[in-house]
$ cat final-v1.cif   # mmCIF, C-alpha atoms
data_target
loop_
_atom_site.label_atom_id
_atom_site.label_comp_id
_atom_site.auth_asym_id
_atom_site.auth_seq_id
_atom_site.Cartn_x
_atom_site.Cartn_y
_atom_site.Cartn_z
CA MET A 1 0.00 0.00 0.00
CA PRO A 2 1.43 3.43 -0.88
CA LEU A 3 2.41 5.46 2.16
CA ALA A 4 0.20 8.38 1.09
CA THR A 5 -2.94 6.23 1.19
CA ASN A 6 -2.09 4.33 4.36
CA PRO A 7 -3.91 6.10 7.22
CA LYS A 8 -1.52 4.56 9.75
CA ALA A 9 1.61 5.80 7.98
CA THR A 10 2.45 9.03 9.77
CA PHE A 11 5.63 10.68 10.93
CA GLU A 12 6.43 13.37 13.45
CA VAL A 13 8.31 16.58 12.92
CA VAL A 14 10.01 18.33 15.82
CA LEU A 15 11.32 21.87 15.47
CA ASP A 16 15.07 22.15 15.94
CA GLY A 17 14.60 24.57 18.83
CA ASP A 18 12.52 22.00 20.72
CA ARG A 19 14.89 19.02 20.38
CA GLU A 20 16.45 19.64 23.80
CA LEU A 21 13.13 19.43 25.62
CA ARG A 22 12.13 16.26 27.42
CA GLU A 23 10.03 13.88 25.31
CA ASP A 24 6.93 14.45 27.46
CA GLU A 25 7.21 18.25 27.00
CA ARG A 26 8.49 18.44 23.41
CA PRO A 27 5.97 19.73 20.85
CA ALA A 28 5.67 17.37 17.89
CA PHE A 29 3.67 17.76 14.69
CA THR A 30 2.17 14.64 13.09
CA TYR A 31 1.99 14.42 9.29
CA ARG A 32 0.73 11.91 6.76
CA HIS A 33 2.91 11.10 3.80
CA LEU A 34 1.88 13.31 0.90
CA THR A 35 0.40 12.26 -2.40
CA GLY A 36 2.12 13.40 -5.58
CA LEU A 37 -0.42 16.20 -5.97
CA GLN A 38 0.22 17.41 -2.44
CA GLN A 39 3.98 17.26 -3.04
CA ILE A 40 3.53 19.41 -6.16
CA GLU A 41 1.40 21.88 -4.20
CA LEU A 42 4.01 22.08 -1.44
CA ALA A 43 6.84 22.53 -3.96
CA GLU A 44 4.93 25.23 -5.84
CA ILE A 45 4.30 27.17 -2.64
CA MET A 46 7.95 26.94 -1.61
CA ASP A 47 9.08 28.01 -5.09
CA SER A 48 6.69 30.97 -5.17
CA LEU A 49 7.74 32.55 -1.86
CA GLU A 50 10.57 34.60 -3.31
CA ASN A 51 8.22 36.19 -5.86
CA SER A 52 5.31 36.82 -3.50
CA PRO A 53 3.55 40.13 -4.15
CA SER A 54 3.81 41.04 -0.45
CA GLY A 55 5.31 39.90 2.82
CA ARG A 56 1.83 39.10 4.07
CA ASN A 57 1.22 36.84 1.08
CA ALA A 58 4.52 35.01 1.66
CA ILE A 59 3.68 34.46 5.33
CA GLU A 60 0.17 33.21 4.58
CA ARG A 61 1.52 30.86 1.89
CA ILE A 62 4.17 29.32 4.13
CA PHE A 63 1.57 28.55 6.79
CA GLU A 64 -0.57 27.00 4.05
CA ALA A 65 2.42 24.87 3.05
CA ALA A 66 3.14 23.81 6.65
CA ALA A 67 -0.46 22.64 7.03
CA ILE A 68 -0.35 20.27 4.04
CA GLY A 69 -0.58 16.74 5.43
CA LEU A 70 -0.72 17.91 9.06
CA VAL A 71 -3.05 15.58 10.97
CA GLY A 72 -2.24 16.27 14.61
CA TRP A 73 0.14 17.53 17.23
CA ARG A 74 1.08 16.96 20.83
CA ASN A 75 2.48 19.15 23.60
CA VAL A 76 1.52 22.36 21.80
CA ARG A 77 0.72 25.19 24.20
CA ASP A 78 -0.35 28.82 23.93
CA GLU A 79 1.22 31.91 25.58
CA GLN A 80 -0.39 31.02 28.93
CA ALA A 81 0.94 27.41 28.72
CA ALA A 82 -2.56 26.06 28.11
CA PRO A 83 -2.83 23.11 25.72
CA VAL A 84 -3.93 24.02 22.20
CA SER A 85 -6.41 21.61 20.63
CA PHE A 86 -5.46 20.47 17.16
CA ASP A 87 -6.64 22.48 14.19
CA ALA A 88 -4.24 22.98 11.29
CA LYS A 89 -5.64 26.50 10.82
CA LYS A 90 -4.23 27.40 14.25
CA LEU A 91 -0.61 27.05 13.12
CA ILE A 92 -0.45 30.77 12.38
CA ARG A 93 -1.54 31.46 15.98
CA ILE A 94 1.05 29.26 17.67
CA MET A 95 4.29 29.81 15.74
CA GLY A 96 6.20 32.27 13.62
CA PHE A 97 7.06 32.35 9.93
CA GLY A 98 10.51 30.79 10.40
CA GLU A 99 9.13 27.84 12.34
CA ALA A 100 6.42 27.28 9.72
CA MET A 101 9.13 27.38 7.04
CA GLU A 102 11.11 24.78 8.99
CA LEU A 103 8.05 22.51 9.22
CA ALA A 104 7.32 22.83 5.50
CA ARG A 105 10.94 22.06 4.57
CA LYS A 106 11.11 19.05 6.87
CA VAL A 107 7.84 17.67 5.49
CA PHE A 108 9.10 18.18 1.95
CA LEU A 109 12.40 16.41 2.69
CA ALA A 110 10.61 13.57 4.49
CA GLN A 111 8.95 12.69 1.17
CA LEU A 112 12.37 11.81 -0.28
CA VAL A 113 13.11 9.13 2.29
CA SER A 114 11.31 5.78 2.46
CA ALA A 115 9.69 4.76 5.75
CA GLU A 116 12.36 2.06 6.27
CA ASP A 117 15.20 4.48 5.52
CA LYS A 118 13.65 7.04 7.87
CA LYS A 119 13.66 4.49 10.70
CA LYS A 120 17.33 3.82 10.06
CA LEU A 121 18.17 7.53 9.97
CA ASP A 122 16.23 8.25 13.15
CA SER A 123 18.01 5.49 15.03
CA SER A 124 21.53 6.33 13.85
CA SER A 125 23.88 7.78 16.38
CA GLU A 126 25.40 11.21 16.00
CA SER A 127 29.16 11.32 15.46
CA ASP A 128 31.56 13.53 17.32
CA MET A 129 32.13 16.12 14.59
CA GLU A 130 34.47 18.21 16.73
CA LYS A 131 36.91 15.31 17.05
CA SER A 132 36.81 14.72 13.27
CA VAL A 133 37.51 18.37 12.57
CA LYS A 134 40.49 18.44 14.95
CA THR A 135 41.91 15.29 13.34
CA ALA A 136 41.59 16.82 9.89
CA GLU A 137 43.20 20.09 11.02
CA GLU A 138 46.07 18.28 12.71
CA SER A 139 46.95 16.38 9.54
CA LYS A 140 46.55 19.24 7.03
CA ASP A 141 50.30 19.25 6.22
CA ALA A 142 50.35 15.53 5.51
CA PRO A 143 51.29 14.55 1.94
CA THR A 144 48.23 13.85 -0.19
CA GLY A 145 49.79 12.29 -3.27
CA PRO A 146 49.83 13.54 -6.85
CA THR A 147 47.20 16.03 -7.93
CA ARG A 148 45.08 15.10 -10.92
CA GLN A 149 43.65 17.75 -13.16
CA LEU A 150 40.37 17.23 -14.94
CA GLN A 151 40.14 18.40 -18.52
#
$ encode --input "final-v1.cif" --output "structure tokens"
Amino acid sequence: MPLATNPKATFEVVLDGDRELREDERPAFTYRHLTGLQQIELAEIMDSLENSPSGRNAIERIFEAAAIGLVGWRNVRDEQAAPVSFDAKKLIRIMGFGEAMELARKVFLAQLVSAEDKKKLDSSSESDMEKSVKTAEESKDAPTGPTRQLQ
């Protein structure tokens, strides 16, 4: 069964700024996998932002994009820390433009990864990038062999 037509095939998106929160406090947005038509709609909105006739139009369009495929959320609260019941139209009331852009981009990119690949990516451990950078810097004077030129 295609992911887009499987009602049980959903995935969560967490904003980067919320990753450090405890699981039971972290806001998460639940999406269904998009159909091809929804993917086209999302891509067209993202492509059109730069040429929007006004800032208001761009902001409204990105919230429209972020709502495509959105079917639920958890741990979303308002300014008084009261829980916000799910309604995709409320996105514009609970987050800013940049966060909506982040959601839309993450949903778009999630369409490029199969469900099995996504599980593998989500369970992979993060490497210690700082150590790798130091190792590369320490060996920058090491001989690298002959240089090949491409014609």
$ closest_residue --input "final-v1.cif" --among "A:Leu70, A:Ile94, A:Ala58, A:Ala88" --to "Val107 of chain A" --atoms "all atoms listed in the file"
A:Leu70
$ resolve_selection --input "final-v1.cif" --expression "the PyMOL selection byres ((chain A and resi 72) around 8)" --output "list in words"
Phe29, Thr30, Tyr31, Leu70, Val71, Trp73, Arg74, Phe86, Asp87 and Ala88 of chain A
$ atom_distance --input "final-v1.cif" --atom1 "atom CA of Met95 of chain A" --atom2 "atom CA of Ile40 of chain A"
24.3 Å
$ atom_distance --input "final-v1.cif" --atom1 "atom CA of Ala43 of chain A" --atom2 "atom CA of Ala65 of chain A"
8.6 Å
$ resolve_selection --input "final-v1.cif" --expression "the PyMOL selection byres ((chain A and resi 5) around 12)" --output "ChimeraX atom specification"
/A:1-4,6-10,32-36,69
$ write_last_selection --input "final-v1.cif" --atoms "C-alpha atoms" --output "PDB file, in the frame of the given file"
ATOM      1  CA  MET A   1       0.000   0.000   0.000  1.00  0.00           C
ATOM      2  CA  PRO A   2       1.430   3.430  -0.880  1.00  0.00           C
ATOM      3  CA  LEU A   3       2.410   5.460   2.160  1.00  0.00           C
ATOM      4  CA  ALA A   4       0.200   8.380   1.090  1.00  0.00           C
ATOM      5  CA  ASN A   6      -2.090   4.330   4.360  1.00  0.00           C
ATOM      6  CA  PRO A   7      -3.910   6.100   7.220  1.00  0.00           C
ATOM      7  CA  LYS A   8      -1.520   4.560   9.750  1.00  0.00           C
ATOM      8  CA  ALA A   9       1.610   5.800   7.980  1.00  0.00           C
ATOM      9  CA  THR A  10       2.450   9.030   9.770  1.00  0.00           C
ATOM     10  CA  ARG A  32       0.730  11.910   6.760  1.00  0.00           C
ATOM     11  CA  HIS A  33       2.910  11.100   3.800  1.00  0.00           C
ATOM     12  CA  LEU A  34       1.880  13.310   0.900  1.00  0.00           C
ATOM     13  CA  THR A  35       0.400  12.260  -2.400  1.00  0.00           C
ATOM     14  CA  GLY A  36       2.120  13.400  -5.580  1.00  0.00           C
ATOM     15  CA  GLY A  69      -0.580  16.740   5.430  1.00  0.00           C
TER      16      GLY A  69
END
$ atom_distance --input "final-v1.cif" --atom1 "atom CA of Arg105 of chain A" --atom2 "atom CA of Val13 of chain A"
10.3 Å
$ resolve_selection --input "final-v1.cif" --expression "the PyMOL selection byres ((chain A and resi 17) around 12)" --output "number ranges by chain"
A: 13-16, 18-21, 26-28, 95, 98-99, 102-103
$ closest_residue --input "final-v1.cif" --among "A:Leu112, A:Ile59, A:Ala104, A:Leu91" --to "Val76 of chain A" --atoms "all atoms listed in the file"
A:Leu91
